[in-house]
>>> print(open('structure_22.pdb').read())   # PDB, C-alpha atoms
ATOM      1  CA  MET A 149     -27.529 -82.983  40.421
ATOM      2  CA  CYS A 150     -25.105 -85.867  40.081
ATOM      3  CA  GLY A 151     -21.518 -84.692  40.252
ATOM      4  CA  ARG A 152     -19.494 -87.610  41.658
ATOM      5  CA  TYR A 153     -19.776 -91.377  41.506
ATOM      6  CA  THR A 154     -17.893 -94.677  41.899
ATOM      7  CA  ILE A 155     -17.267 -97.692  39.689
ATOM      8  CA  THR A 156     -14.965 -99.987  41.641
ATOM      9  CA  VAL A 157     -15.401-103.336  39.892
ATOM     10  CA  THR A 158     -12.937-105.059  37.565
ATOM     11  CA  LEU A 159     -12.979-104.697  33.787
ATOM     12  CA  ASP A 160     -14.041-108.346  33.487
ATOM     13  CA  GLU A 161     -17.037-107.692  35.738
ATOM     14  CA  LEU A 162     -18.037-104.696  33.622
ATOM     15  CA  MET A 163     -17.754-106.640  30.399
ATOM     16  CA  LEU A 164     -19.802-109.519  31.780
ATOM     17  CA  ARG A 165     -22.496-107.198  33.152
ATOM     18  CA  TYR A 166     -23.028-105.438  29.811
ATOM     19  CA  PHE A 167     -22.410-108.367  27.424
ATOM     20  CA  ILE A 168     -19.277-106.791  25.940
ATOM     21  CA  GLU A 169     -17.450-108.950  23.404
ATOM     22  CA  GLY A 170     -13.947-108.422  22.034
ATOM     23  CA  SER A 171     -11.551-105.727  23.214
ATOM     24  CA  PRO A 172     -13.255-102.756  24.862
ATOM     25  CA  LEU A 173     -12.202 -99.276  23.714
ATOM     26  CA  ILE A 174     -11.065 -98.197  27.138
ATOM     27  CA  ASN A 175      -8.060 -97.833  29.409
ATOM     28  CA  TYR A 176      -9.946 -98.938  32.498
ATOM     29  CA  SER A 177      -9.150 -98.651  36.164
ATOM     30  CA  PRO A 178     -11.586 -98.501  39.104
ATOM     31  CA  LYS A 179     -12.809 -95.035  40.074
ATOM     32  CA  TYR A 180     -13.604 -94.190  43.683
ATOM     33  CA  ASN A 181     -14.341 -90.525  42.996
ATOM     34  CA  ALA A 182     -15.205 -90.004  39.333
ATOM     35  CA  ALA A 183     -15.678 -86.302  38.593
ATOM     36  CA  PRO A 184     -16.762 -84.019  35.737
ATOM     37  CA  VAL A 185     -14.421 -83.452  32.757
ATOM     38  CA  GLN A 186     -12.736 -86.801  33.427
ATOM     39  CA  GLN A 187     -12.793 -89.679  30.950
ATOM     40  CA  ILE A 188     -15.354 -92.171  32.268
ATOM     41  CA  PRO A 189     -16.536 -95.649  31.205
ATOM     42  CA  ALA A 190     -19.717 -95.678  29.131
ATOM     43  CA  VAL A 191     -21.774 -98.223  27.196
ATOM     44  CA  ILE A 192     -23.382 -97.579  23.813
ATOM     45  CA  HIS A 193     -24.969 -99.865  21.225
ATOM     46  CA  ASP A 194     -23.481 -99.703  17.731
ATOM     47  CA  GLY A 195     -26.482-101.247  15.999
ATOM     48  CA  ARG A 196     -25.200-104.809  16.437
ATOM     49  CA  ARG A 197     -23.792-105.099  19.945
ATOM     50  CA  ASN A 198     -22.947-103.232  23.121
ATOM     51  CA  ARG A 199     -19.609-101.432  23.181
ATOM     52  CA  LEU A 200     -17.668-100.252  26.218
ATOM     53  CA  GLY A 201     -15.537 -97.156  25.782
ATOM     54  CA  GLU A 202     -14.697 -93.793  27.291
ATOM     55  CA  LEU A 203     -16.544 -90.491  27.126
ATOM     56  CA  ARG A 204     -15.567 -87.215  28.726
ATOM     57  CA  TRP A 205     -18.088 -86.267  31.399
ATOM     58  CA  GLY A 206     -19.658 -82.935  30.498
ATOM     59  CA  LEU A 207     -21.529 -82.700  27.208
ATOM     60  CA  VAL A 208     -20.037 -80.601  24.416
ATOM     61  CA  PRO A 209     -22.624 -80.339  21.600
ATOM     62  CA  SER A 210     -21.382 -81.064  18.097
ATOM     63  CA  TRP A 211     -22.114 -77.444  17.169
ATOM     64  CA  ALA A 212     -20.363 -75.836  20.162
ATOM     65  CA  LYS A 213     -17.566 -73.370  19.393
ATOM     66  CA  ASP A 214     -15.824 -73.883  22.760
ATOM     67  CA  ASP A 215     -15.415 -77.222  24.536
ATOM     68  CA  ARG A 216     -15.373 -75.476  27.926
ATOM     69  CA  ILE A 217     -19.156 -75.502  27.785
ATOM     70  CA  GLY A 218     -18.951 -79.148  28.856
ATOM     71  CA  SER A 219     -18.254 -78.278  32.491
ATOM     72  CA  LYS A 220     -21.739 -76.713  32.631
ATOM     73  CA  MET A 221     -23.472 -79.736  31.074
ATOM     74  CA  ILE A 222     -22.591 -82.628  33.367
ATOM     75  CA  ASN A 223     -26.308 -83.224  33.972
ATOM     76  CA  ALA A 224     -29.492 -82.956  31.915
ATOM     77  CA  ARG A 225     -32.897 -82.618  33.584
ATOM     78  CA  ALA A 226     -35.292 -85.333  32.400
ATOM     79  CA  GLU A 227     -38.237 -82.956  32.557
ATOM     80  CA  THR A 228     -36.775 -80.484  30.042
ATOM     81  CA  LEU A 229     -34.792 -82.671  27.621
ATOM     82  CA  LEU A 230     -37.059 -81.855  24.690
ATOM     83  CA  GLU A 231     -36.741 -78.119  25.370
ATOM     84  CA  LYS A 232     -32.936 -77.926  25.280
ATOM     85  CA  PRO A 233     -31.186 -77.716  21.882
ATOM     86  CA  ALA A 234     -28.095 -79.487  23.253
ATOM     87  CA  PHE A 235     -30.106 -82.555  24.293
ATOM     88  CA  LYS A 236     -33.226 -82.759  22.105
ATOM     89  CA  GLY A 237     -31.437 -84.018  19.009
ATOM     90  CA  LEU A 238     -29.534 -86.705  20.932
ATOM     91  CA  ILE A 239     -32.530 -88.587  22.317
ATOM     92  CA  PRO A 240     -33.352 -90.511  19.104
ATOM     93  CA  SER A 241     -29.958 -92.176  18.605
ATOM     94  CA  ARG A 242     -27.229 -90.986  21.003
ATOM     95  CA  ARG A 243     -28.259 -92.577  24.250
ATOM     96  CA  CYS A 244     -25.717 -94.213  26.529
ATOM     97  CA  ILE A 245     -25.342 -95.875  29.906
ATOM     98  CA  ILE A 246     -22.883 -94.834  32.601
ATOM     99  CA  PRO A 247     -22.077 -97.939  34.715
ATOM    100  CA  VAL A 248     -21.702 -97.189  38.430
ATOM    101  CA  ASP A 249     -21.800 -98.985  41.758
ATOM    102  CA  GLY A 250     -22.531 -95.879  43.806
ATOM    103  CA  PHE A 251     -22.792 -92.101  43.631
ATOM    104  CA  TYR A 252     -22.109 -89.293  46.068
ATOM    105  CA  GLU A 253     -24.357 -86.494  47.220
ATOM    106  CA  TRP A 254     -23.960 -83.938  49.997
ATOM    107  CA  LYS A 255     -26.577 -83.764  52.777
ATOM    108  CA  GLN A 256     -27.115 -80.428  54.498
ATOM    109  CA  LEU A 257     -26.741 -80.709  58.286
ATOM    110  CA  GLN A 258     -26.600 -78.060  61.016
ATOM    111  CA  GLY A 259     -22.826 -78.211  61.182
ATOM    112  CA  GLY A 260     -22.279 -78.240  57.426
ATOM    113  CA  LYS A 261     -22.579 -80.708  54.571
ATOM    114  CA  GLN A 262     -22.090 -84.462  55.019
ATOM    115  CA  PRO A 263     -21.079 -86.453  51.923
ATOM    116  CA  MET A 264     -23.176 -89.580  51.451
ATOM    117  CA  ARG A 265     -22.613 -92.565  49.192
ATOM    118  CA  ILE A 266     -25.747 -94.021  47.644
ATOM    119  CA  THR A 267     -25.762 -97.606  46.358
ATOM    120  CA  LEU A 268     -28.168-100.411  45.602
ATOM    121  CA  ARG A 269     -28.858-102.576  48.631
ATOM    122  CA  ASP A 270     -27.065-105.538  47.049
ATOM    123  CA  ARG A 271     -24.071-103.293  46.114
ATOM    124  CA  SER A 272     -24.296-104.418  42.480
ATOM    125  CA  ILE A 273     -23.469-102.432  39.334
ATOM    126  CA  PHE A 274     -26.304-100.226  38.092
ATOM    127  CA  SER A 275     -26.913 -98.095  35.015
ATOM    128  CA  LEU A 276     -27.304 -94.328  34.863
ATOM    129  CA  ALA A 277     -29.115 -93.016  31.793
ATOM    130  CA  GLY A 278     -27.014 -90.664  29.685
ATOM    131  CA  LEU A 279     -26.742 -88.907  26.356
ATOM    132  CA  TYR A 280     -23.579 -88.420  24.306
ATOM    133  CA  ASP A 281     -22.369 -86.302  21.417
ATOM    134  CA  ILE A 282     -19.298 -86.112  19.186
ATOM    135  CA  ARG A 283     -17.705 -82.804  18.257
ATOM    136  CA  VAL A 284     -15.153 -82.504  15.454
ATOM    137  CA  ASP A 285     -13.099 -79.301  15.497
ATOM    138  CA  ALA A 286     -11.597 -77.425  12.556
ATOM    139  CA  ASP A 287      -8.480 -79.609  12.695
ATOM    140  CA  GLY A 288     -10.476 -82.843  12.564
ATOM    141  CA  ASN A 289     -10.007 -83.716  16.249
ATOM    142  CA  ARG A 290     -12.916 -85.702  17.689
ATOM    143  CA  LEU A 291     -14.218 -85.099  21.200
ATOM    144  CA  SER A 292     -16.765 -87.588  22.561
ATOM    145  CA  THR A 293     -18.624 -86.368  25.634
ATOM    146  CA  CYS A 294     -21.660 -87.269  27.739
ATOM    147  CA  THR A 295     -24.147 -86.025  30.281
ATOM    148  CA  ILE A 296     -25.997 -87.903  33.039
ATOM    149  CA  ILE A 297     -29.774 -87.454  33.126
ATOM    150  CA  THR A 298     -31.347 -86.502  36.458
ATOM    151  CA  THR A 299     -34.880 -86.644  37.801
ATOM    152  CA  GLU A 300     -36.717 -85.722  40.981
ATOM    153  CA  ALA A 301     -35.637 -87.442  44.191
ATOM    154  CA  ASN A 302     -37.255 -90.618  45.498
ATOM    155  CA  SER A 303     -38.082 -90.938  49.205
ATOM    156  CA  LEU A 304     -34.552 -92.054  50.125
ATOM    157  CA  MET A 305     -32.862 -89.244  48.214
ATOM    158  CA  ALA A 306     -35.328 -86.549  49.302
ATOM    159  CA  ASP A 307     -33.681 -86.556  52.735
ATOM    160  CA  ILE A 308     -30.311 -85.859  51.074
ATOM    161  CA  HIS A 309     -30.965 -83.838  47.907
ATOM    162  CA  ASN A 310     -33.918 -82.839  45.728
ATOM    163  CA  ARG A 311     -32.505 -84.491  42.574
ATOM    164  CA  MET A 312     -31.040 -87.872  41.703
ATOM    165  CA  PRO A 313     -29.572 -89.525  38.596
ATOM    166  CA  VAL A 314     -31.911 -91.627  36.486
ATOM    167  CA  ILE A 315     -31.244 -95.307  37.260
ATOM    168  CA  LEU A 316     -32.437 -97.689  34.562
ATOM    169  CA  SER A 317     -33.843-101.031  35.630
ATOM    170  CA  PRO A 318     -31.950-104.009  34.127
ATOM    171  CA  GLY A 319     -34.987-104.749  31.958
ATOM    172  CA  ALA A 320     -34.926-101.227  30.489
ATOM    173  CA  GLU A 321     -31.231-101.126  29.580
ATOM    174  CA  ALA A 322     -31.480-102.757  26.141
ATOM    175  CA  PHE A 323     -34.542-100.645  25.297
ATOM    176  CA  TRP A 324     -32.621 -97.469  26.177
ATOM    177  CA  LEU A 325     -29.480 -98.437  24.241
ATOM    178  CA  ASP A 326     -31.188 -99.702  21.062
ATOM    179  CA  ARG A 327     -30.366 -97.117  18.398
ATOM    180  CA  SER A 328     -33.210 -98.317  16.177
ATOM    181  CA  ASN A 329     -35.677 -97.445  18.925
ATOM    182  CA  LYS A 330     -37.241 -94.082  18.024
ATOM    183  CA  ASP A 331     -40.171 -94.304  20.442
ATOM    184  CA  ILE A 332     -39.400 -91.044  22.245
ATOM    185  CA  PRO A 333     -42.470 -91.031  24.552
ATOM    186  CA  SER A 334     -41.659 -94.543  25.792
ATOM    187  CA  LEU A 335     -37.996 -93.640  26.264
ATOM    188  CA  LEU A 336     -38.893 -90.557  28.274
ATOM    189  CA  ARG A 337     -41.153 -92.621  30.530
ATOM    190  CA  LEU A 338     -38.045 -94.509  31.708
ATOM    191  CA  LEU A 339     -36.632 -91.298  33.180
ATOM    192  CA  LYS A 340     -38.243 -91.538  36.594
ATOM    193  CA  PRO A 341     -37.073 -91.942  40.209
ATOM    194  CA  TYR A 342     -35.794 -95.429  41.038
ATOM    195  CA  ASP A 343     -37.438 -97.597  43.690
ATOM    196  CA  ALA A 344     -36.139 -96.273  47.020
ATOM    197  CA  ALA A 345     -36.635 -99.671  48.664
ATOM    198  CA  GLN A 346     -33.829-101.049  46.465
ATOM    199  CA  MET A 347     -31.346 -98.371  47.556
ATOM    200  CA  THR A 348     -29.366 -97.407  50.634
ATOM    201  CA  ALA A 349     -27.137 -94.500  51.703
ATOM    202  CA  TYR A 350     -24.351 -94.027  54.233
ATOM    203  CA  PRO A 351     -21.942 -91.239  55.268
ATOM    204  CA  VAL A 352     -18.399 -91.161  53.903
ATOM    205  CA  SER A 353     -15.271 -89.085  54.466
ATOM    206  CA  ALA A 354     -15.201 -85.414  53.532
ATOM    207  CA  ALA A 355     -12.121 -86.311  51.469
ATOM    208  CA  VAL A 356     -14.426 -87.096  48.534
ATOM    209  CA  GLY A 357     -14.864 -83.348  48.170
ATOM    210  CA  ASN A 358     -11.395 -83.102  46.659
ATOM    211  CA  VAL A 359     -11.383 -84.361  43.060
ATOM    212  CA  ARG A 360      -7.708 -85.294  43.387
ATOM    213  CA  ASN A 361      -8.618 -87.977  45.920
ATOM    214  CA  ASP A 362      -9.371 -91.341  44.310
ATOM    215  CA  TYR A 363      -8.659 -94.360  46.515
ATOM    216  CA  PRO A 364     -10.579 -97.280  48.107
ATOM    217  CA  GLU A 365     -10.922 -95.749  51.566
ATOM    218  CA  LEU A 366     -13.280 -93.112  50.160
ATOM    219  CA  VAL A 367     -16.129 -95.620  49.921
ATOM    220  CA  LYS A 368     -15.830 -96.754  53.546
ATOM    221  CA  GLU A 369     -18.555 -95.672  55.968
ATOM    222  CA  ALA A 370     -17.469 -92.679  58.058
TER
END
>>> encode(input="structure_22.pdb", output="structure tokens")
Amino acid sequence: MCGRYTITVTLDELMLRYFIEGSPLINYSPKYNAAPVQQIPAVIHDGRRNRLGELRWGLVPSWAKDDRIGSKMINARAETLLEKPAFKGLIPSRRCIIPVDGFYEWKQLQGGKQPMRITLRDRSIFSLAGLYDIRVDADGNRLSTCTIITTEANSLMADIHNRMPVILSPGAEAFWLDRSNKDIPSLLRLLKPYDAAQMTAYPVSAAVGNVRNDYPELVKEA
């Protein structure tokens, strides 16, 4: 699964990376320990351009009676997207990108679990594939939420965990975001393990286990 991540760059860097024009719909600050049910930065395409805004992490389907279901839908397995009612209808037009510069996973060791931070080797921003939905309750309140898609582990991640988030290559980002793109088989083929040679991992402080902790020292090598 993917349950914690980091996005530590500036808003200007995010906007430049995803070709965002105008004022983004976001109250942005760097996150060193982003966690489920928090508001997180996300990129969608509105049919004309990319937009940067906030989605709550943990998908609440538009038809859900209770928004607490979102805490159980922080991830969606790539292999079963078409089998799940909550996700199947979102693939044609409600795809999003979650910008990150690292994510955390816990490695099982003899003495317990060691948190690891996984990044690209060049420490650049990368894109996690996601889906989003919008729920409107009986009072007309809108709730926009998302889930991060996961796939089987590559050779780097296999030593840490048996799953990893889907990382889109830069060349696949526009294809994924394009709402006019209804080529479901081609979209699903993007949901594969990323090239392990482009990634690296290192141990970090156990403090990342506490969702209340969110400060720069968390990303330092332990």
>>> residues_around(input="structure_22.pdb", residues="stretch 317-326 of chain A", least_positions_apart="6", cutoff="12 Å", atoms="only C-alpha atoms", output="ChimeraX atom specification")
/A:165-167,190-199,239-247,268,272-280,332-343,346
>>> atom_distance(input="structure_22.pdb", atom1="atom CA of A:Val248", atom2="atom CA of A:Asn329")
24.0 Å
>>> resolve_selection(input="structure_22.pdb", expression="the PyMOL selection byres ((chain A and resi 369) around 6)", output="PyMOL selection string")
chain A and resi 351-352+368+370
>>> resolve_selection(input="structure_22.pdb", expression="the PyMOL selection byres ((chain A and resi 282) around 7)", output="PyMOL selection string")
chain A and resi 210+281+283-284+290-293
>>> atom_distance(input="structure_22.pdb", atom1="atom CA of A:Ala349", atom2="atom CA of A:Lys255")
10.8 Å
>>> atom_distance(input="structure_22.pdb", atom1="atom CA of A:Pro364", atom2="atom CA of A:Ser177")
12.1 Å
>>> resolve_selection(input="structure_22.pdb", expression="the PyMOL selection byres ((chain A and resi 219) around 12)", output="number ranges by chain")
A: 151, 183-186, 204-209, 214-218, 220-223, 293-295
>>> closest_residue(input="structure_22.pdb", among="A:Phe251, A:Leu257, A:Leu304, A:Trp211", to="A:Pro233", atoms="all atoms listed in the file")
A:Trp211
>>> closest_residue(input="structure_22.pdb", among="A:Gly259, A:Gly201, A:Gly357, A:Gly250", to="A:Gly170", atoms="only C-alpha atoms")
A:Gly201
>>> residues_around(input="structure_22.pdb", residues="A:Asn310", least_positions_apart="2", cutoff="12 Å", atoms="all atoms listed in the file", output="list in words")
Met149, Cys150, Glu253, Trp254, Lys255, Gln256, Thr298, Thr299, Glu300, Ala301, Asn302, Ser303, Leu304, Met305, Ala306, Asp307, Ile308, Met312, Pro313 and Pro341 of chain A
>>> write_last_selection(input="structure_22.pdb", atoms="C-alpha atoms", output="mmCIF file, keeping the file's coordinate frame")
data_model
loop_
_atom_site.group_PDB
_atom_site.id
_atom_site.type_symbol
_atom_site.label_atom_id
_atom_site.label_comp_id
_atom_site.auth_asym_id
_atom_site.auth_seq_id
_atom_site.Cartn_x
_atom_site.Cartn_y
_atom_site.Cartn_z
ATOM 1 C CA MET A 149 -27.529 -82.983 40.421
ATOM 2 C CA CYS A 150 -25.105 -85.867 40.081
ATOM 3 C CA GLU A 253 -24.357 -86.494 47.220
ATOM 4 C CA TRP A 254 -23.960 -83.938 49.997
ATOM 5 C CA LYS A 255 -26.577 -83.764 52.777
ATOM 6 C CA GLN A 256 -27.115 -80.428 54.498
ATOM 7 C CA THR A 298 -31.347 -86.502 36.458
ATOM 8 C CA THR A 299 -34.880 -86.644 37.801
ATOM 9 C CA GLU A 300 -36.717 -85.722 40.981
ATOM 10 C CA ALA A 301 -35.637 -87.442 44.191
ATOM 11 C CA ASN A 302 -37.255 -90.618 45.498
ATOM 12 C CA SER A 303 -38.082 -90.938 49.205
ATOM 13 C CA LEU A 304 -34.552 -92.054 50.125
ATOM 14 C CA MET A 305 -32.862 -89.244 48.214
ATOM 15 C CA ALA A 306 -35.328 -86.549 49.302
ATOM 16 C CA ASP A 307 -33.681 -86.556 52.735
ATOM 17 C CA ILE A 308 -30.311 -85.859 51.074
ATOM 18 C CA MET A 312 -31.040 -87.872 41.703
ATOM 19 C CA PRO A 313 -29.572 -89.525 38.596
ATOM 20 C CA PRO A 341 -37.073 -91.942 40.209
#
